[in-house]
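Dropping structure_17.cif in here (mmCIF, C-alpha atoms):
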data_input
#
loop_
_atom_site.label_atom_id
_atom_site.label_comp_id
_atom_site.auth_asym_id
_atom_site.auth_seq_id
_atom_site.Cartn_x
_atom_site.Cartn_y
_atom_site.Cartn_z
CA MET A 823 44.29 -59.08 113.98
CA GLU A 824 45.82 -62.50 114.65
CA ARG A 825 49.48 -62.79 115.46
CA ARG A 826 51.01 -62.90 112.04
CA LEU A 827 52.78 -65.77 110.41
CA ILE A 828 56.36 -65.09 109.40
CA ASN A 829 56.45 -63.53 105.95
CA LYS A 830 56.99 -65.99 103.07
CA GLU A 831 59.71 -63.73 101.71
CA VAL A 832 61.74 -64.46 104.83
CA TYR A 833 61.75 -68.16 103.95
CA ASN A 834 62.57 -67.45 100.31
CA ASN A 835 65.69 -65.54 101.36
CA LEU A 836 67.01 -67.79 104.11
CA PRO A 837 70.47 -69.38 103.87
CA GLU A 838 70.15 -72.71 102.06
CA ASP A 839 70.60 -74.82 105.20
CA LEU A 840 67.63 -73.20 106.92
CA LYS A 841 65.54 -73.49 103.76
CA LEU A 842 66.11 -77.24 103.71
CA ILE A 843 64.98 -77.88 107.29
CA THR A 844 61.91 -75.63 107.08
CA GLU A 845 60.62 -76.39 103.58
CA SER A 846 58.56 -79.48 104.47
CA PHE A 847 56.64 -77.68 107.25
CA GLU A 848 53.69 -75.33 106.85
CA GLY A 849 51.97 -72.56 108.77
CA ARG A 850 52.68 -72.28 112.48
CA GLU A 851 54.86 -75.40 112.49
CA LYS A 852 57.13 -73.87 109.87
CA ASP A 853 57.51 -70.73 111.99
CA ILE A 854 58.19 -72.74 115.14
CA VAL A 855 60.89 -74.77 113.40
CA LEU A 856 62.60 -71.58 112.18
CA VAL A 857 62.60 -69.62 115.46
CA SER A 858 63.56 -72.64 117.57
CA SER A 859 66.36 -73.54 115.16
CA LEU A 860 67.69 -69.98 115.37
CA GLY A 861 67.68 -70.34 119.16
CA VAL A 862 69.61 -73.62 119.04
CA LEU A 863 72.06 -72.41 116.41
CA SER A 864 72.74 -69.29 118.48
CA ASP A 865 74.75 -71.55 120.80
CA CYS A 866 76.66 -73.22 117.96
CA LEU A 867 78.73 -70.27 116.72
CA PRO A 868 81.71 -69.83 119.06
CA ASN A 869 84.34 -67.19 118.36
CA ILE A 870 81.98 -64.96 116.38
CA LYS A 871 81.20 -61.71 118.13
CA GLY A 872 79.92 -58.26 117.30
CA TYR A 873 80.10 -54.87 118.93
CA TYR A 874 76.73 -53.50 120.10
CA ASP A 875 76.05 -50.54 122.39
CA GLY A 876 79.58 -50.56 123.75
CA ASP A 877 79.84 -54.30 124.48
CA ASP A 878 81.07 -57.47 122.84
CA ILE A 879 78.02 -59.52 121.86
CA PHE A 880 77.76 -63.16 120.85
CA ALA A 881 74.91 -64.82 118.97
CA ASN A 882 73.02 -66.27 121.96
CA LEU A 883 69.21 -65.95 121.84
CA TYR A 884 66.39 -66.64 124.30
CA VAL A 885 63.37 -68.10 122.45
CA LEU A 886 59.92 -68.63 123.99
CA ILE A 887 57.06 -70.33 122.13
CA ILE A 888 53.62 -69.92 123.73
CA ALA A 889 50.64 -71.88 122.37
CA PRO A 890 47.77 -74.05 123.62
CA PRO A 891 48.14 -77.82 124.11
CA ALA A 892 47.82 -79.85 120.90
CA SER A 893 48.79 -76.87 118.78
CA GLY A 894 51.80 -78.39 117.00
CA LYS A 895 54.50 -76.63 119.00
CA GLY A 896 56.17 -80.01 119.63
CA VAL A 897 57.99 -79.66 116.28
CA MET A 898 60.34 -77.42 118.24
CA ASN A 899 62.12 -80.58 119.36
CA PHE A 900 63.44 -81.20 115.85
CA SER A 901 65.78 -78.24 116.33
CA ARG A 902 67.46 -79.97 119.28
CA ILE A 903 68.93 -82.45 116.79
CA LEU A 904 71.15 -79.67 115.42
CA ILE A 905 73.19 -79.43 118.61
CA GLU A 906 73.11 -83.04 119.82
CA PRO A 907 76.36 -84.15 118.10
CA ILE A 908 78.18 -81.22 119.73
CA HIS A 909 76.66 -82.02 123.13
CA ASN A 910 77.47 -85.73 122.82
CA LYS A 911 81.09 -85.06 121.82
CA ILE A 912 81.68 -82.60 124.68
CA LEU A 913 80.07 -84.96 127.20
CA GLU A 914 81.96 -88.05 125.99
CA ASP A 915 85.32 -86.24 125.99
CA SER A 916 84.59 -84.85 129.45
CA LYS A 917 83.71 -88.27 130.85
CA ALA A 918 86.88 -89.75 129.37
CA GLU A 919 88.94 -86.94 130.90
CA LEU A 920 87.30 -87.52 134.29
CA LEU A 921 87.89 -91.28 134.18
CA LEU A 922 91.54 -90.73 133.25
CA CYS A 923 91.98 -88.29 136.12
CA GLU A 924 90.39 -90.64 138.65
CA SER A 925 92.49 -93.52 137.34
CA GLU A 926 95.68 -91.47 137.73
CA LYS A 927 94.72 -90.57 141.29
CA LYS A 928 94.42 -94.26 142.16
CA LYS A 929 97.80 -95.07 140.67
CA SER A 930 99.82 -92.23 142.16
CA LYS A 931 99.96 -91.06 145.76
CA ASP A 932 101.18 -87.65 144.59
CA SER A 933 97.98 -87.06 142.62
CA LYS A 934 95.49 -88.07 145.33
CA ASN A 935 94.84 -84.45 146.27
CA ASP A 936 94.40 -83.35 142.67
CA ILE A 937 90.95 -82.09 141.78
CA CYS A 938 89.48 -83.77 138.74
CA PRO A 939 87.65 -81.60 136.18
CA ASN A 940 83.88 -81.15 136.25
CA ILE A 941 81.69 -82.86 133.68
CA LYS A 942 81.16 -80.60 130.66
CA ILE A 943 77.98 -80.46 128.61
CA LYS A 944 76.39 -78.33 125.90
CA ILE A 945 72.67 -78.89 126.66
CA LEU A 946 71.82 -77.92 130.23
CA PRO A 947 68.57 -79.18 131.80
CA ALA A 948 66.51 -76.45 133.44
CA ASN A 949 66.00 -78.47 136.64
CA VAL A 950 69.38 -77.67 138.17
CA SER A 951 70.32 -75.78 141.32
CA THR A 952 71.84 -72.32 141.18
CA ALA A 953 75.21 -73.78 142.23
CA GLU A 954 75.03 -76.33 139.40
CA MET A 955 74.08 -73.59 136.96
CA TYR A 956 77.23 -71.65 137.88
CA SER A 957 79.35 -74.79 137.76
CA PHE A 958 78.27 -75.78 134.27
CA LEU A 959 78.49 -72.23 132.95
CA GLY A 960 81.96 -71.93 134.47
CA SER A 961 83.24 -75.12 132.86
CA SER A 962 81.67 -74.29 129.50
CA GLU A 963 84.10 -72.72 127.06
CA HIS A 964 81.56 -71.67 124.44
CA GLY A 965 78.19 -71.48 126.15
CA LEU A 966 75.23 -73.65 127.07
CA LEU A 967 71.72 -74.25 125.76
CA ILE A 968 68.68 -74.71 127.99
CA MET A 969 65.95 -76.41 125.98
CA GLU A 970 62.66 -77.41 127.56
CA SER A 971 59.33 -78.30 125.95
CA GLU A 972 57.44 -77.53 129.18
CA ALA A 973 57.91 -74.04 130.61
CA ASP A 974 56.86 -75.45 134.01
CA THR A 975 60.25 -77.11 134.34
CA LEU A 976 61.98 -73.74 134.29
CA SER A 977 59.37 -71.82 136.29
CA ASN A 978 59.43 -74.45 139.06
CA MET A 979 63.16 -73.90 139.43
CA LEU A 980 62.79 -70.13 139.56
CA ASN A 981 60.30 -70.50 142.41
CA ASN A 982 62.75 -72.38 144.68
CA ASP A 983 65.27 -70.70 146.98
CA TRP A 984 67.98 -73.18 145.98
CA SER A 985 67.40 -72.82 142.24
CA ASN A 986 66.17 -69.28 141.68
CA TYR A 987 68.69 -68.31 139.02
CA SER A 988 66.52 -65.67 137.34
CA ASP A 989 69.24 -63.08 137.89
CA VAL A 990 71.73 -65.37 136.14
CA LEU A 991 69.43 -65.62 133.12
CA ARG A 992 69.02 -61.85 132.97
CA LYS A 993 72.75 -61.14 133.24
CA ALA A 994 73.84 -63.93 130.88
CA PHE A 995 71.69 -62.47 128.10
CA HIS A 996 74.07 -59.50 127.99
CA HIS A 997 77.15 -61.57 128.94
CA GLU A 998 77.46 -59.59 132.19
CA PRO A 999 79.86 -61.00 134.82
CA ILE A 1000 78.27 -63.31 137.40
CA SER A 1001 79.65 -64.84 140.57
CA ILE A 1002 78.56 -67.04 143.46
CA SER A 1003 80.13 -67.69 146.86
CA ARG A 1004 78.75 -70.12 149.46
CA LYS A 1005 80.78 -70.81 152.57
CA ILE A 1006 78.99 -73.98 153.73
CA GLU A 1007 79.26 -75.69 150.34
CA LYS A 1008 82.76 -74.22 149.77
CA VAL A 1009 81.64 -72.91 146.42
CA PHE A 1010 83.12 -69.94 144.62
CA GLU A 1011 82.54 -69.40 140.92
CA GLU A 1012 83.21 -66.28 138.87
CA ILE A 1013 82.30 -66.10 135.19
CA ASN A 1014 83.34 -62.96 133.34
CA GLN A 1015 81.46 -63.46 130.09
CA PRO A 1016 78.71 -66.10 130.43
CA LYS A 1017 77.12 -67.35 127.23
CA LEU A 1018 73.68 -68.93 127.40
CA SER A 1019 70.94 -69.68 124.89
CA MET A 1020 67.41 -70.82 125.69
CA VAL A 1021 64.60 -72.43 123.70
CA ILE A 1022 61.45 -72.90 125.80
CA SER A 1023 57.86 -73.74 124.93
CA GLY A 1024 54.73 -73.75 127.04
CA THR A 1025 51.03 -73.02 127.23
CA PRO A 1026 49.53 -69.60 128.05
CA ASN A 1027 48.79 -70.84 131.58
CA GLN A 1028 52.49 -71.59 132.06
CA LEU A 1029 53.51 -68.05 131.10
CA GLN A 1030 52.58 -66.18 134.27
CA PRO A 1031 54.45 -68.52 136.69
CA LEU A 1032 57.52 -68.27 134.47
CA MET A 1033 57.61 -64.50 134.06
CA LYS A 1034 55.77 -63.37 137.23
CA SER A 1035 56.22 -59.78 136.12
CA LYS A 1036 56.76 -58.14 132.78
CA ASP A 1037 58.87 -55.53 134.56
CA ASN A 1038 61.62 -57.74 136.04
CA GLY A 1039 63.53 -57.79 132.74
CA LEU A 1040 63.39 -61.49 131.93
CA PHE A 1041 60.37 -61.15 129.64
CA SER A 1042 61.99 -58.45 127.50
CA ARG A 1043 64.99 -60.68 126.82
CA PHE A 1044 62.92 -63.32 125.03
CA LEU A 1045 62.21 -63.61 121.35
CA ILE A 1046 58.55 -64.66 121.61
CA TYR A 1047 56.34 -66.52 119.16
CA SER A 1048 52.75 -67.04 120.31
CA PHE A 1049 49.42 -68.13 118.85
CA ASP A 1050 46.16 -69.67 119.98
CA GLU A 1051 45.04 -71.94 117.13
CA ILE A 1052 44.60 -75.67 117.74
CA ALA A 1053 46.26 -77.98 115.22
CA GLU A 1054 44.24 -80.53 113.27
CA PHE A 1055 44.79 -84.23 113.98
CA LYS A 1056 47.52 -85.43 111.66
CA ASP A 1057 48.62 -88.78 110.29
CA VAL A 1058 51.00 -89.93 113.01
CA PHE A 1059 52.21 -92.83 110.87
CA ALA A 1060 53.27 -90.70 107.92
CA ILE A 1061 56.83 -91.08 106.63
CA LYS A 1062 57.18 -87.28 106.68
CA SER A 1063 58.43 -87.15 110.27
CA LYS A 1064 61.29 -89.53 109.45
CA ASP A 1065 62.25 -87.41 106.46
CA ASN A 1066 62.19 -84.28 108.60
CA ARG A 1067 64.48 -85.90 111.13
CA LYS A 1068 66.91 -86.89 108.37
CA ALA A 1069 67.11 -83.27 107.19
CA PHE A 1070 67.98 -82.10 110.70
CA GLU A 1071 70.49 -84.91 111.22
CA LYS A 1072 72.18 -84.01 107.95
CA LEU A 1073 72.48 -80.36 108.97
CA SER A 1074 73.67 -81.33 112.47
CA LYS A 1075 76.77 -82.87 110.90
CA VAL A 1076 77.47 -79.64 109.05
CA ILE A 1077 76.97 -77.61 112.23
CA PHE A 1078 79.22 -79.98 114.18
CA ASP A 1079 82.04 -79.45 111.68
CA LEU A 1080 81.49 -75.66 111.66
CA TYR A 1081 81.53 -75.59 115.47
CA ARG A 1082 84.80 -77.54 115.55
CA GLN A 1083 86.45 -75.17 113.07
CA LEU A 1084 85.32 -72.09 114.97
CA THR A 1085 86.58 -73.41 118.32
CA GLU A 1086 90.03 -73.85 116.82
CA LEU A 1087 90.38 -70.18 115.84
CA GLU A 1088 93.07 -68.25 117.69
CA ASN A 1089 91.14 -64.97 117.47
CA PRO A 1090 87.40 -64.32 117.27
CA ILE A 1091 85.77 -63.22 114.02
CA GLU A 1092 84.21 -59.77 114.29
CA PHE A 1093 80.67 -59.41 112.91
CA GLN A 1094 79.75 -55.97 111.56
CA PHE A 1095 76.90 -54.07 109.93
CA THR A 1096 77.68 -51.85 106.94
CA ASP A 1097 77.28 -48.09 107.33
CA ASN A 1098 74.04 -48.18 105.32
CA GLN A 1099 72.69 -51.01 107.46
CA ILE A 1100 73.48 -49.06 110.64
CA LYS A 1101 71.58 -46.04 109.29
CA ARG A 1102 68.60 -48.15 108.26
CA PHE A 1103 68.61 -50.04 111.57
CA THR A 1104 68.61 -46.77 113.54
CA ARG A 1105 65.83 -45.19 111.43
CA ARG A 1106 63.62 -48.26 111.68
CA PHE A 1107 63.88 -48.71 115.43
CA LYS A 1108 63.42 -44.99 116.08
CA PHE A 1109 60.22 -45.14 114.04
CA ILE A 1110 58.95 -48.19 115.94
CA ARG A 1111 59.84 -46.49 119.23
CA GLU A 1112 57.70 -43.47 118.38
CA ASP A 1113 54.82 -45.76 117.40
CA VAL A 1114 55.05 -47.59 120.73
CA ILE A 1115 55.01 -44.31 122.67
CA VAL A 1116 52.04 -42.88 120.75
CA ASN A 1117 49.85 -45.96 120.24
CA HIS A 1118 50.85 -48.40 122.96
CA THR A 1119 52.41 -48.35 126.41
CA ALA A 1120 55.80 -46.83 127.19
CA SER A 1121 56.50 -49.75 129.54
CA PHE A 1122 57.02 -51.88 126.42
CA LEU A 1123 60.08 -49.85 125.41
CA SER A 1124 62.56 -52.18 127.15
CA ASN A 1125 61.22 -54.98 124.94
CA LEU A 1126 61.70 -52.83 121.86
CA ASN A 1127 65.26 -51.90 122.84
CA ARG A 1128 66.26 -55.53 123.41
CA HIS A 1129 64.67 -56.56 120.12
CA GLY A 1130 67.28 -54.36 118.47
CA LEU A 1131 69.93 -56.57 120.04
CA ILE A 1132 67.93 -59.68 119.13
CA MET A 1133 67.84 -58.55 115.50
CA PHE A 1134 71.61 -57.98 115.53
CA ARG A 1135 72.10 -61.55 116.79
CA ILE A 1136 69.74 -63.00 114.17
CA CYS A 1137 71.76 -61.19 111.49
CA MET A 1138 74.92 -62.74 112.94
CA ILE A 1139 73.46 -66.26 112.78
CA LEU A 1140 72.07 -65.92 109.24
CA THR A 1141 75.24 -64.38 107.82
CA ALA A 1142 77.45 -66.97 109.55
CA LEU A 1143 75.41 -69.81 108.02
CA ARG A 1144 75.48 -68.20 104.59
CA ASN A 1145 79.28 -67.92 104.78
CA LYS A 1146 79.98 -71.20 106.63
CA ASP A 1147 82.20 -72.69 103.92
CA ARG A 1148 84.77 -69.89 104.11
CA ILE A 1149 84.03 -68.26 107.44
CA THR A 1150 87.22 -69.37 109.19
CA LEU A 1151 89.26 -67.48 106.58
CA LYS A 1152 87.73 -64.17 107.67
CA GLU A 1153 88.80 -61.77 110.38
CA VAL A 1154 85.72 -59.63 109.82
CA LEU A 1155 82.29 -60.96 108.85
CA VAL A 1156 80.17 -58.26 107.21
CA CYS A 1157 76.41 -58.71 107.44
CA ASN A 1158 74.89 -59.90 104.19
CA ASN A 1159 72.28 -57.38 103.05
CA ARG A 1160 69.74 -60.11 102.34
CA ASP A 1161 70.19 -61.40 105.88
CA PHE A 1162 69.85 -57.88 107.26
CA LEU A 1163 66.51 -57.34 105.52
CA ASN A 1164 65.34 -60.82 106.50
CA ALA A 1165 66.21 -60.26 110.15
CA LEU A 1166 64.50 -56.86 110.09
CA SER A 1167 61.28 -58.40 108.73
CA LEU A 1168 61.45 -61.34 111.12
CA THR A 1169 62.08 -59.12 114.15
CA ALA A 1170 59.16 -56.84 113.25
CA THR A 1171 56.83 -59.84 113.22
CA LEU A 1172 58.19 -61.26 116.46
CA LEU A 1173 57.98 -57.86 118.14
CA ARG A 1174 54.24 -57.94 117.45
CA HIS A 1175 54.04 -61.39 119.03
CA SER A 1176 55.90 -60.04 122.04
CA GLN A 1177 53.48 -57.13 122.26
CA PHE A 1178 50.47 -59.44 122.30
CA THR A 1179 52.06 -61.61 124.97
CA PHE A 1180 53.12 -58.58 127.01
CA ASP A 1181 49.47 -57.70 127.49
CA THR A 1182 48.61 -61.14 128.91
CA ILE A 1183 50.95 -60.79 131.89
CA GLU A 1184 49.53 -59.27 135.07
CA THR A 1185 46.11 -58.72 133.56
CA GLY A 1186 44.73 -55.68 135.30
CA ILE A 1187 42.09 -52.99 134.99
CA LEU A 1188 41.28 -51.25 131.76
CA SER A 1189 42.61 -47.83 130.88
CA THR A 1190 40.17 -44.91 130.61
CA GLN A 1191 40.36 -45.10 126.83
CA ASP A 1192 39.69 -48.87 126.84
CA GLU A 1193 36.66 -48.38 129.09
CA GLU A 1194 35.31 -45.71 126.74
CA ILE A 1195 35.70 -48.06 123.75
CA LEU A 1196 33.93 -50.94 125.50
CA ASP A 1197 31.15 -48.70 126.83
CA SER A 1198 30.48 -47.53 123.28
CA LEU A 1199 30.06 -51.08 121.97
CA ASN A 1200 26.94 -53.24 122.14
CA SER A 1201 27.10 -56.94 122.95
CA PRO A 1202 27.70 -58.83 120.79
CA PHE A 1203 29.80 -56.58 118.57
CA THR A 1204 31.93 -57.03 115.47
CA ARG A 1205 35.48 -56.03 114.68
CA GLN A 1206 34.07 -53.44 112.27
CA ASP A 1207 31.99 -51.95 115.11
CA ALA A 1208 35.19 -51.54 117.16
CA ILE A 1209 37.04 -50.04 114.19
CA ALA A 1210 34.21 -47.52 113.70
CA ILE A 1211 34.47 -46.45 117.36
CA GLY A 1212 38.25 -46.21 116.90
CA GLU A 1213 37.85 -43.90 113.91
CA LYS A 1214 35.71 -41.53 115.99
CA MET A 1215 38.44 -41.50 118.66
CA SER A 1216 41.31 -41.23 116.09
CA ILE A 1217 42.67 -44.65 117.06
CA PRO A 1218 44.47 -46.58 114.26
CA ILE A 1219 42.98 -49.91 113.11
CA ARG A 1220 46.10 -51.80 114.19
CA THR A 1221 45.73 -50.43 117.73
CA ILE A 1222 42.05 -51.43 117.82
CA ASP A 1223 43.04 -54.96 116.76
CA ASP A 1224 45.57 -55.04 119.59
CA LYS A 1225 42.92 -53.89 122.05
CA LEU A 1226 40.48 -56.58 120.93
CA VAL A 1227 43.07 -59.19 121.85
CA GLN A 1228 43.82 -57.41 125.14
CA PHE A 1229 40.11 -57.35 126.04
CA GLN A 1230 39.99 -61.14 125.59
CA ASN A 1231 43.17 -61.71 127.56
CA LYS A 1232 41.86 -59.54 130.41
CA ARG A 1233 38.56 -61.44 130.23
CA PHE A 1234 36.42 -58.43 129.46
CA THR A 1235 35.27 -59.95 126.17
CA LYS A 1236 35.03 -63.37 124.54
CA LYS A 1237 35.43 -64.21 120.86
CA ILE A 1238 32.30 -66.00 119.58
CA LYS A 1239 33.77 -66.56 116.12
CA LYS A 1240 36.12 -64.74 113.81
CA GLY A 1241 35.32 -61.03 113.91
CA LEU A 1242 32.47 -61.38 116.43
CA TYR A 1243 32.77 -60.74 120.21
CA LYS A 1244 30.57 -60.49 123.28
CA LYS A 1245 31.15 -58.58 126.49
CA LEU A 1246 31.56 -60.53 129.74
#

Please render this file's structure as structure tokens.
Amino acid sequence: MERRLINKEVYNNLPEDLKLITESFEGREKDIVLVSSLGVLSDCLPNIKGYYDGDDIFANLYVLIIAPPASGKGVMNFSRILIEPIHNKILEDSKAELLLCESEKKKSKDSKNDICPNIKIKILPANVSTAEMYSFLGSSEHGLLIMESEADTLSNMLNNDWSNYSDVLRKAFHHEPISISRKIEKVFEEINQPKLSMVISGTPNQLQPLMKSKDNGLFSRFLIYSFDEIAEFKDVFAIKSKDNRKAFEKLSKVIFDLYRQLTELENPIEFQFTDNQIKRFTRRFKFIREDVIVNHTASFLSNLNRHGLIMFRICMILTALRNKDRITLKEVLVCNNRDFLNALSLTATLLRHSQFTFDTIETGILSTQDEEILDSLNSPFTRQDAIAIGEKMSIPIRTIDDKLVQFQNKRFTKKIKKGLYKKL
């Protein structure tokens, strides 16, 4: 089974703002626009927090889009428009503050030893040193966004001694305290509650250098959307792209105003599930957990557990957008039931994408069961042949479909055409 498209019902029930920016896209591009926009918007909702597993949680998401070159994943860059006015305002104000400070130092002898403030930003490039990462996170009041269209940019940094901030990324996902101290550079930075969002895209070949291991915890923190179809050549001169940009620019103004209002709040707004939503959430994830244990690998459980948190954050984003016109009047923001069901459906789909991608990292030997399935199949063989073998071994169809993808990823089989495979 191919990695599913996001259910149409999800789009039908989105807050109006997200409907408007996704409605002119189709297929994979539509899905990419939605998940990347959620990633960007997750860094645009300051002073909204929820309580999850004993900790205060903000909306920040890590999004990873994996697809071949020329597959249409470049539409992800439209979502960057949503945060650009916020970034530009913070940067301009910061530069003005720095210039004023430096000017005052020149005028007054008493202020010569004063330390001028660091430059502040909202969008952080991935190609920064660890010290710079701490510095920007420390000076950020409401979080940063790393957005890169080439996963290589991030993976190259994580492979350097001076910029290996993988531990920072892992801790920031849960807002865990981080600190750095370097005597030679006279650097000390302590951040009690870091807030970081990421939206990254790359090809399958760029995945392994970025993650290195599916067990180091970074992989399980990502909301992943992956596919392997190649996009058709499109009319690059069509007016559609300009119209799309206008829709994002229009929403960016709304988000800028919402961000400003939220930063001015004296106390954070608390996001909550209803009692019925908590019960449904718990039942659903317990059911999925049992399915993973029985039909898949238990090592995937950390991904499942963190997708519960990811779903909670998606609910927070959707409900905040739906209530944006009156949100600053609230002390408590209760999750809209439509947004809860939407986030549940969306997370279930993305969990499947994560599961597919999980099996492409550290491709290794086949399990005894996988070997038995392959040994029982002729070459070439069809999907129905594999399903028939699965029925004899009491293996569900969905699990067989997963295994067919795993066999390709591990280079034990090759797809000749839809539903037809040969052994390698």

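Taking CA of Asn835 (chain A) and CA of Glu848 (chain A) as endpoints, the distance between them is 16.4 Å.
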
One decimal, Å: what's the distance from CA of Ser1176 (chain A) over to CA of Met898 (chain A), could you say?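 If I compute the distance from CA of Ser1176 (chain A) to CA of Met898 (chain A), I get 18.3 Å.
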
To verify the selection step, state as a PyMOL selection string which residues the PyMOL selection byres ((chain A and resi 1075-1089) around 6) yields on this input. chain A and resi 866+868+908+1072-1074+1090

For a quick check of understanding, using all atoms listed in the file, which of A:Cys938, A:Leu886, A:Leu1123, A:Ile870 has the smallest distance to Leu1172 (chain A)?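 Distance minimum relative to Leu1172 (chain A) lands on A:Leu886.
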
For the atom pair CA of Asn1164 (chain A) and CA of Leu863 (chain A), what is the interatomic distance in Å to one decimal place?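 Value for the CA of Asn1164 (chain A)-CA of Leu863 (chain A) distance: 16.7 Å.
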
Produce the centre coordinates and the three edge lengths, each in Å to one decimal, of the box along x, y and z that contains all listed atoms of region 845-864 of chain A with 6 Å added on each side, as JSON.
{"center_x": 62.4, "center_y": -74.4, "center_z": 111.4, "size_x": 32.8, "size_y": 22.2, "size_z": 27.6}

Would you translate the PyMOL selection byres ((chain A and resi 963) around 12) into the concrete set of residues it matches in this file, as a PyMOL selection string? chain A and resi 865-869+912+942-944+957-962+964-966+1013-1018+1085-1086

Could you dump the residues just selected with C-alpha atoms as a PDB file, in the frame of the given file?
ATOM      1  CA  ASP A 865      74.750 -71.550 120.800  1.00  0.00           C
ATOM      2  CA  CYS A 866      76.660 -73.220 117.960  1.00  0.00           C
ATOM      3  CA  LEU A 867      78.730 -70.270 116.720  1.00  0.00           C
ATOM      4  CA  PRO A 868      81.710 -69.830 119.060  1.00  0.00           C
ATOM      5  CA  ASN A 869      84.340 -67.190 118.360  1.00  0.00           C
ATOM      6  CA  ILE A 912      81.680 -82.600 124.680  1.00  0.00           C
ATOM      7  CA  LYS A 942      81.160 -80.600 130.660  1.00  0.00           C
ATOM      8  CA  ILE A 943      77.980 -80.460 128.610  1.00  0.00           C
ATOM      9  CA  LYS A 944      76.390 -78.330 125.900  1.00  0.00           C
ATOM     10  CA  SER A 957      79.350 -74.790 137.760  1.00  0.00           C
ATOM     11  CA  PHE A 958      78.270 -75.780 134.270  1.00  0.00           C
ATOM     12  CA  LEU A 959      78.490 -72.230 132.950  1.00  0.00           C
ATOM     13  CA  GLY A 960      81.960 -71.930 134.470  1.00  0.00           C
ATOM     14  CA  SER A 961      83.240 -75.120 132.860  1.00  0.00           C
ATOM     15  CA  SER A 962      81.670 -74.290 129.500  1.00  0.00           C
ATOM     16  CA  HIS A 964      81.560 -71.670 124.440  1.00  0.00           C
ATOM     17  CA  GLY A 965      78.190 -71.480 126.150  1.00  0.00           C
ATOM     18  CA  LEU A 966      75.230 -73.650 127.070  1.00  0.00           C
ATOM     19  CA  ILE A1013      82.300 -66.100 135.190  1.00  0.00           C
ATOM     20  CA  ASN A1014      83.340 -62.960 133.340  1.00  0.00           C
ATOM     21  CA  GLN A1015      81.460 -63.460 130.090  1.00  0.00           C
ATOM     22  CA  PRO A1016      78.710 -66.100 130.430  1.00  0.00           C
ATOM     23  CA  LYS A1017      77.120 -67.350 127.230  1.00  0.00           C
ATOM     24  CA  LEU A1018      73.680 -68.930 127.400  1.00  0.00           C
ATOM     25  CA  THR A1085      86.580 -73.410 118.320  1.00  0.00           C
ATOM     26  CA  GLU A1086      90.030 -73.850 116.820  1.00  0.00           C
TER      27      GLU A1086
END

Which residue, A:Phe995, A:Phe1070, A:Phe1095, A:Phe1049, has the smallest gap to Asp853 (chain A) when you use only C-alpha atoms?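 Going through A:Phe995, A:Phe1070, A:Phe1095, A:Phe1049 one by one, the smallest distance to Asp853 (chain A) is for A:Phe1049.
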